[in-house]
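So this one's structure_34.pdb, PDB, C-alpha atoms:
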ATOM      1  CA  MET A   1       0.000   0.000   0.000
ATOM      2  CA  TYR A   2       1.069   3.555  -0.569
ATOM      3  CA  LYS A   3       2.290   5.517   2.442
ATOM      4  CA  LYS A   4      -0.445   8.141   2.000
ATOM      5  CA  HIS A   5      -3.197   5.521   2.291
ATOM      6  CA  LYS A   6      -1.537   3.888   5.304
ATOM      7  CA  ILE A   7      -1.318   7.240   7.092
ATOM      8  CA  ILE A   8      -4.960   8.135   6.329
ATOM      9  CA  SER A   9      -6.054   4.682   7.541
ATOM     10  CA  VAL A  10      -4.133   4.957  10.817
ATOM     11  CA  ILE A  11      -5.240   8.548  11.496
ATOM     12  CA  GLY A  12      -8.842   7.656  10.622
ATOM     13  CA  PHE A  13      -8.781   4.594  12.880
ATOM     14  CA  ILE A  14      -7.336   6.551  15.811
ATOM     15  CA  THR A  15      -9.833   9.393  15.307
ATOM     16  CA  VAL A  16     -12.887   7.131  15.081
ATOM     17  CA  PHE A  17     -11.664   4.991  17.998
ATOM     18  CA  THR A  18     -11.047   8.061  20.181
ATOM     19  CA  ILE A  19     -14.354   9.739  19.355
ATOM     20  CA  SER A  20     -16.191   6.476  19.967
ATOM     21  CA  CYS A  21     -14.505   6.042  23.373
ATOM     22  CA  ILE A  22     -15.008   9.649  24.454
ATOM     23  CA  LEU A  23     -18.651   9.872  23.376
ATOM     24  CA  HIS A  24     -19.419   6.307  24.511
ATOM     25  CA  ILE A  25     -20.924   5.489  21.144
ATOM     26  CA  VAL A  26     -22.509   2.079  21.535
ATOM     27  CA  PRO A  27     -23.206   0.626  18.091
ATOM     28  CA  ILE A  28     -24.085  -2.849  19.409
ATOM     29  CA  LYS A  29     -27.437  -2.590  17.661
ATOM     30  CA  MET A  30     -25.520  -1.902  14.446
ATOM     31  CA  ALA A  31     -23.111  -4.828  14.869
ATOM     32  CA  SER A  32     -25.252  -7.218  12.838
ATOM     33  CA  ASP A  33     -25.767  -4.551  10.157
ATOM     34  CA  ILE A  34     -22.014  -3.909  10.075
ATOM     35  CA  LEU A  35     -21.526  -7.652   9.715
ATOM     36  CA  THR A  36     -23.891  -7.674   6.723
ATOM     37  CA  VAL A  37     -22.246  -4.679   5.046
ATOM     38  CA  THR A  38     -18.798  -6.180   5.549
ATOM     39  CA  SER A  39     -19.957  -9.439   3.992
ATOM     40  CA  ILE A  40     -21.200  -7.493   0.979
ATOM     41  CA  ILE A  41     -17.838  -5.708   0.759
ATOM     42  CA  LEU A  42     -16.065  -9.090   0.819
ATOM     43  CA  GLY A  43     -18.377 -10.229  -1.987
ATOM     44  CA  PHE A  44     -17.356  -7.161  -3.973
ATOM     45  CA  TYR A  45     -13.687  -8.005  -3.462
ATOM     46  CA  VAL A  46     -14.120 -11.601  -4.610
ATOM     47  CA  THR A  47     -16.114 -10.523  -7.669
ATOM     48  CA  ALA A  48     -13.614  -7.803  -8.509
ATOM     49  CA  LEU A  49     -10.698 -10.212  -8.189
ATOM     50  CA  SER A  50     -12.390 -12.731 -10.456
ATOM     51  CA  THR A  51     -12.933 -10.089 -13.151
ATOM     52  CA  LEU A  52      -9.249  -9.205 -13.052
ATOM     53  CA  PHE A  53      -8.258 -12.517 -14.587
ATOM     54  CA  GLU A  54      -9.976 -11.712 -17.882
ATOM     55  CA  ASN A  55      -8.743  -8.134 -18.159
ATOM     56  CA  SER A  56      -5.924  -7.241 -20.573
ATOM     57  CA  VAL A  57      -4.980  -4.217 -18.457
ATOM     58  CA  ILE A  58      -3.937  -6.609 -15.672
ATOM     59  CA  LYS A  59      -1.406  -8.278 -17.944
ATOM     60  CA  ASP A  60       0.119  -4.874 -18.622
ATOM     61  CA  MET A  61       0.077  -4.025 -14.908
ATOM     62  CA  ALA A  62       2.003  -7.225 -14.173
ATOM     63  CA  LYS A  63       4.789  -6.022 -16.479
ATOM     64  CA  ARG A  64       5.012  -2.377 -15.378
ATOM     65  CA  GLN A  65       6.989  -1.314 -12.329
ATOM     66  CA  ASP A  66       5.027   0.829  -9.890
ATOM     67  CA  THR A  67       6.047   4.486  -9.872
ATOM     68  CA  ARG A  68       5.873   4.884  -6.070
ATOM     69  CA  ILE A  69       7.019   1.469  -4.823
ATOM     70  CA  LYS A  70       9.964   0.512  -6.979
ATOM     71  CA  SER A  71      10.203  -3.050  -5.654
ATOM     72  CA  LYS A  72       6.682  -3.966  -6.875
ATOM     73  CA  THR A  73       4.771  -4.060 -10.113
ATOM     74  CA  GLU A  74       1.487  -2.193 -10.447
ATOM     75  CA  LEU A  75      -0.316  -5.511 -10.119
ATOM     76  CA  GLY A  76       1.642  -6.293  -6.946
ATOM     77  CA  VAL A  77       0.518  -2.997  -5.412
ATOM     78  CA  LEU A  78      -3.099  -3.656  -6.417
ATOM     79  CA  LEU A  79      -2.951  -7.113  -4.847
ATOM     80  CA  SER A  80      -1.466  -5.652  -1.643
ATOM     81  CA  TYR A  81      -4.509  -3.354  -1.416
ATOM     82  CA  TYR A  82      -6.787  -6.356  -1.838
ATOM     83  CA  LYS A  83      -4.898  -8.331   0.783
ATOM     84  CA  SER A  84      -5.093  -5.450   3.282
ATOM     85  CA  SER A  85      -8.774  -4.822   2.545
ATOM     86  CA  ILE A  86      -9.716  -8.464   2.955
ATOM     87  CA  MET A  87      -7.765  -8.780   6.214
ATOM     88  CA  ILE A  88      -9.443  -5.639   7.609
ATOM     89  CA  SER A  89     -12.857  -6.975   6.551
ATOM     90  CA  PHE A  90     -12.231 -10.219   8.408
ATOM     91  CA  ALA A  91     -11.114  -8.213  11.455
ATOM     92  CA  VAL A  92     -14.411  -6.272  11.296
ATOM     93  CA  ILE A  93     -16.338  -9.540  11.119
ATOM     94  CA  PHE A  94     -14.373 -10.968  14.047
ATOM     95  CA  THR A  95     -14.890  -7.894  16.256
ATOM     96  CA  SER A  96     -18.573  -7.691  15.284
ATOM     97  CA  ILE A  97     -19.126 -11.287  16.316
ATOM     98  CA  LEU A  98     -17.283 -10.706  19.608
ATOM     99  CA  CYS A  99     -19.400  -7.629  20.311
ATOM    100  CA  ILE A 100     -22.602  -9.545  19.601
ATOM    101  CA  LEU A 101     -21.473 -12.385  21.874
ATOM    102  CA  LEU A 102     -20.564  -9.977  24.699
ATOM    103  CA  ASP A 103     -23.888  -8.121  24.467
ATOM    104  CA  GLY A 104     -25.993  -8.465  27.576
ATOM    105  CA  VAL A 105     -23.143  -9.508  29.865
ATOM    106  CA  SER A 106     -23.383  -7.478  33.055
ATOM    107  CA  ASN A 107     -19.844  -8.019  34.354
ATOM    108  CA  TYR A 108     -18.137  -4.610  34.802
ATOM    109  CA  THR A 109     -14.825  -5.720  33.244
ATOM    110  CA  ILE A 110     -16.533  -7.334  30.273
ATOM    111  CA  CYS A 111     -18.634  -4.200  29.714
ATOM    112  CA  HIS A 112     -15.429  -2.151  29.421
ATOM    113  CA  LEU A 113     -13.961  -4.776  27.108
ATOM    114  CA  GLN A 114     -17.109  -4.605  24.995
ATOM    115  CA  ASN A 115     -16.870  -0.795  24.750
ATOM    116  CA  ILE A 116     -13.255  -1.095  23.609
ATOM    117  CA  MET A 117     -14.212  -3.799  21.091
ATOM    118  CA  LEU A 118     -17.031  -1.615  19.750
ATOM    119  CA  SER A 119     -14.620   1.291  19.312
ATOM    120  CA  ILE A 120     -12.127  -0.984  17.550
ATOM    121  CA  MET A 121     -14.933  -2.270  15.324
ATOM    122  CA  LEU A 122     -15.938   1.261  14.316
ATOM    123  CA  GLY A 123     -12.317   2.167  13.562
ATOM    124  CA  LEU A 124     -11.934  -0.948  11.428
ATOM    125  CA  VAL A 125     -15.181  -0.140   9.614
ATOM    126  CA  PHE A 126     -13.703   3.261   8.729
ATOM    127  CA  ILE A 127     -10.565   1.620   7.308
ATOM    128  CA  SER A 128     -12.612  -0.980   5.437
ATOM    129  CA  LEU A 129     -14.813   1.639   3.785
ATOM    130  CA  TYR A 130     -11.814   3.845   3.004
ATOM    131  CA  LEU A 131      -9.895   0.998   1.355
ATOM    132  CA  MET A 132     -13.001   0.023  -0.595
ATOM    133  CA  MET A 133     -13.177   3.599  -1.898
ATOM    134  CA  VAL A 134      -9.491   3.445  -2.899
ATOM    135  CA  LEU A 135     -10.032   0.140  -4.714
ATOM    136  CA  ILE A 136     -13.099   1.485  -6.535
ATOM    137  CA  ASN A 137     -11.025   4.465  -7.683
ATOM    138  CA  LEU A 138      -8.350   2.059  -8.928
ATOM    139  CA  TYR A 139     -11.026   0.117 -10.799
ATOM    140  CA  ILE A 140     -12.388   3.272 -12.408
ATOM    141  CA  ASN A 141      -8.870   4.132 -13.567
ATOM    142  CA  MET A 142      -8.451   0.606 -14.950
ATOM    143  CA  ILE A 143     -11.708   0.950 -16.891
ATOM    144  CA  ARG A 144     -10.497   4.262 -18.318
ATOM    145  CA  LEU A 145      -7.220   2.667 -19.380
ATOM    146  CA  ASN A 146      -9.006  -0.297 -20.884
ATOM    147  CA  THR A 147     -11.430   1.833 -22.920
ATOM    148  CA  LYS A 148      -8.563   4.127 -23.970
ATOM    149  CA  ASP A 149      -6.589   1.121 -25.260
ATOM    150  CA  LYS A 150      -9.590  -0.176 -27.223
ATOM    151  CA  LYS A 151     -10.153   3.214 -28.891
ATOM    152  CA  GLU A 152      -6.590   3.338 -30.157
TER
END

Have the structure of the file written as structure tokens, please.
Amino acid sequence: MYKKHKIISVIGFITVFTISCILHIVPIKMASDILTVTSIILGFYVTALSTLFENSVIKDMAKRQDTRIKSKTELGVLLSYYKSSIMISFAVIFTSILCILLDGVSNYTICHLQNIMLSIMLGLVFISLYLMMVLINLYINMIRLNTKDKKE
């Protein structure tokens, strides 16, 4: 991933986590909805990856060195975004399930743990949505390149 996107992800996570902790935002009612949205995002990733195999632009990306990360090809960078996005999505699913399981427990320590888990979940949701936006922008650029190549 590019440094800019890593920095935005970390700052966004810290901001959302902090705001959630300070304001005691309790999205436990949203945990199942977040689980559903994250599953849809994972479906998008799998579908998008499967369409890459038939795209001629991908073959070109596998040959071109990335302009920002010299040790990787453009395809390698794209795949690193997918890997990060999928891992974050699974982390959202994991924290959502934990939050749902901890709901209703009246133990003081577990309630604090649940609030921390909910804040982590919201921060991860921010990163997941941000990385999805980055990947959609990459896809739009790939479509532009593909249509440009076909016109020529």

Inset, instruction - Just the residues within 12 Å of stretch 108-122 of chain A, please, counting all atoms listed in the file, with nothing from its chain fewer than 6 positions along; format it as a ChimeraX atom specification. - result: /A:12-32,34-35,38,88-102,128-129

Run the PyMOL selection byres ((chain A and resi 62) around 7) against the file shown and list the residues it catches, as a PDB file with C-alpha atoms, keeping the file's coordinate frame.
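Contents of result.pdb, freshly written:
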ATOM      1  CA  ILE A  58      -3.937  -6.609 -15.672  1.00  0.00           C
ATOM      2  CA  LYS A  59      -1.406  -8.278 -17.944  1.00  0.00           C
ATOM      3  CA  ASP A  60       0.119  -4.874 -18.622  1.00  0.00           C
ATOM      4  CA  MET A  61       0.077  -4.025 -14.908  1.00  0.00           C
ATOM      5  CA  LYS A  63       4.789  -6.022 -16.479  1.00  0.00           C
ATOM      6  CA  ARG A  64       5.012  -2.377 -15.378  1.00  0.00           C
ATOM      7  CA  THR A  73       4.771  -4.060 -10.113  1.00  0.00           C
ATOM      8  CA  GLU A  74       1.487  -2.193 -10.447  1.00  0.00           C
ATOM      9  CA  LEU A  75      -0.316  -5.511 -10.119  1.00  0.00           C
TER      10      LEU A  75
END

Inset, instruction - Check what the PyMOL selection byres ((chain A and resi 41-45) around 10) selects in the file above and give those residues as number ranges by chain. - result: A: 35-40, 46-51, 82-83, 85-87, 89-90, 128-129, 132, 135-136

Would you export the selected residues with C-alpha atoms as a compact mmCIF listing (two decimals), in the coordinates of the input, please?
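Once written, part.txt looks like this:
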# COMPACT_ATOMS: atom_id res chain seq x y z
CA LEU A 35 -21.53 -7.65 9.72
CA THR A 36 -23.89 -7.67 6.72
CA VAL A 37 -22.25 -4.68 5.05
CA THR A 38 -18.80 -6.18 5.55
CA SER A 39 -19.96 -9.44 3.99
CA ILE A 40 -21.20 -7.49 0.98
CA VAL A 46 -14.12 -11.60 -4.61
CA THR A 47 -16.11 -10.52 -7.67
CA ALA A 48 -13.61 -7.80 -8.51
CA LEU A 49 -10.70 -10.21 -8.19
CA SER A 50 -12.39 -12.73 -10.46
CA THR A 51 -12.93 -10.09 -13.15
CA TYR A 82 -6.79 -6.36 -1.84
CA LYS A 83 -4.90 -8.33 0.78
CA SER A 85 -8.77 -4.82 2.54
CA ILE A 86 -9.72 -8.46 2.96
CA MET A 87 -7.76 -8.78 6.21
CA SER A 89 -12.86 -6.98 6.55
CA PHE A 90 -12.23 -10.22 8.41
CA SER A 128 -12.61 -0.98 5.44
CA LEU A 129 -14.81 1.64 3.78
CA MET A 132 -13.00 0.02 -0.60
CA LEU A 135 -10.03 0.14 -4.71
CA ILE A 136 -13.10 1.48 -6.54

Inset, instruction - Kindly give the distance, in Å, that separates atom CA of A:Leu131 and atom CA of A:Asp33, rounded to a single decimal. - result: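 Between atom CA of A:Leu131 and atom CA of A:Asp33 the gap works out to 19.0 Å.
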
Inset, instruction - Give me, please, the distance in Å between atom CA of A:Ser56 and atom CA of A:His5, quoted to one decimal. - result: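 Taking atom CA of A:Ser56 and atom CA of A:His5, their separation equals 26.3 Å.
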
Inset, instruction - Report the distance between atom CA of A:Leu79 and atom CA of A:Val57 in Å, rounded to one decimal place. - result: 14.1 Å

Would you place a box with edges along x, y and z of the file around all atoms of stretch 60-68 of chain A listed there, add 8 Å to each of its six sides, and report the centre and edge lengths in Å to one decimal, as lines of an AutoDock Vina configuration file?
center_x = 3.5
center_y = -1.2
center_z = -12.3
size_x = 22.9
size_y = 28.1
size_z = 28.6
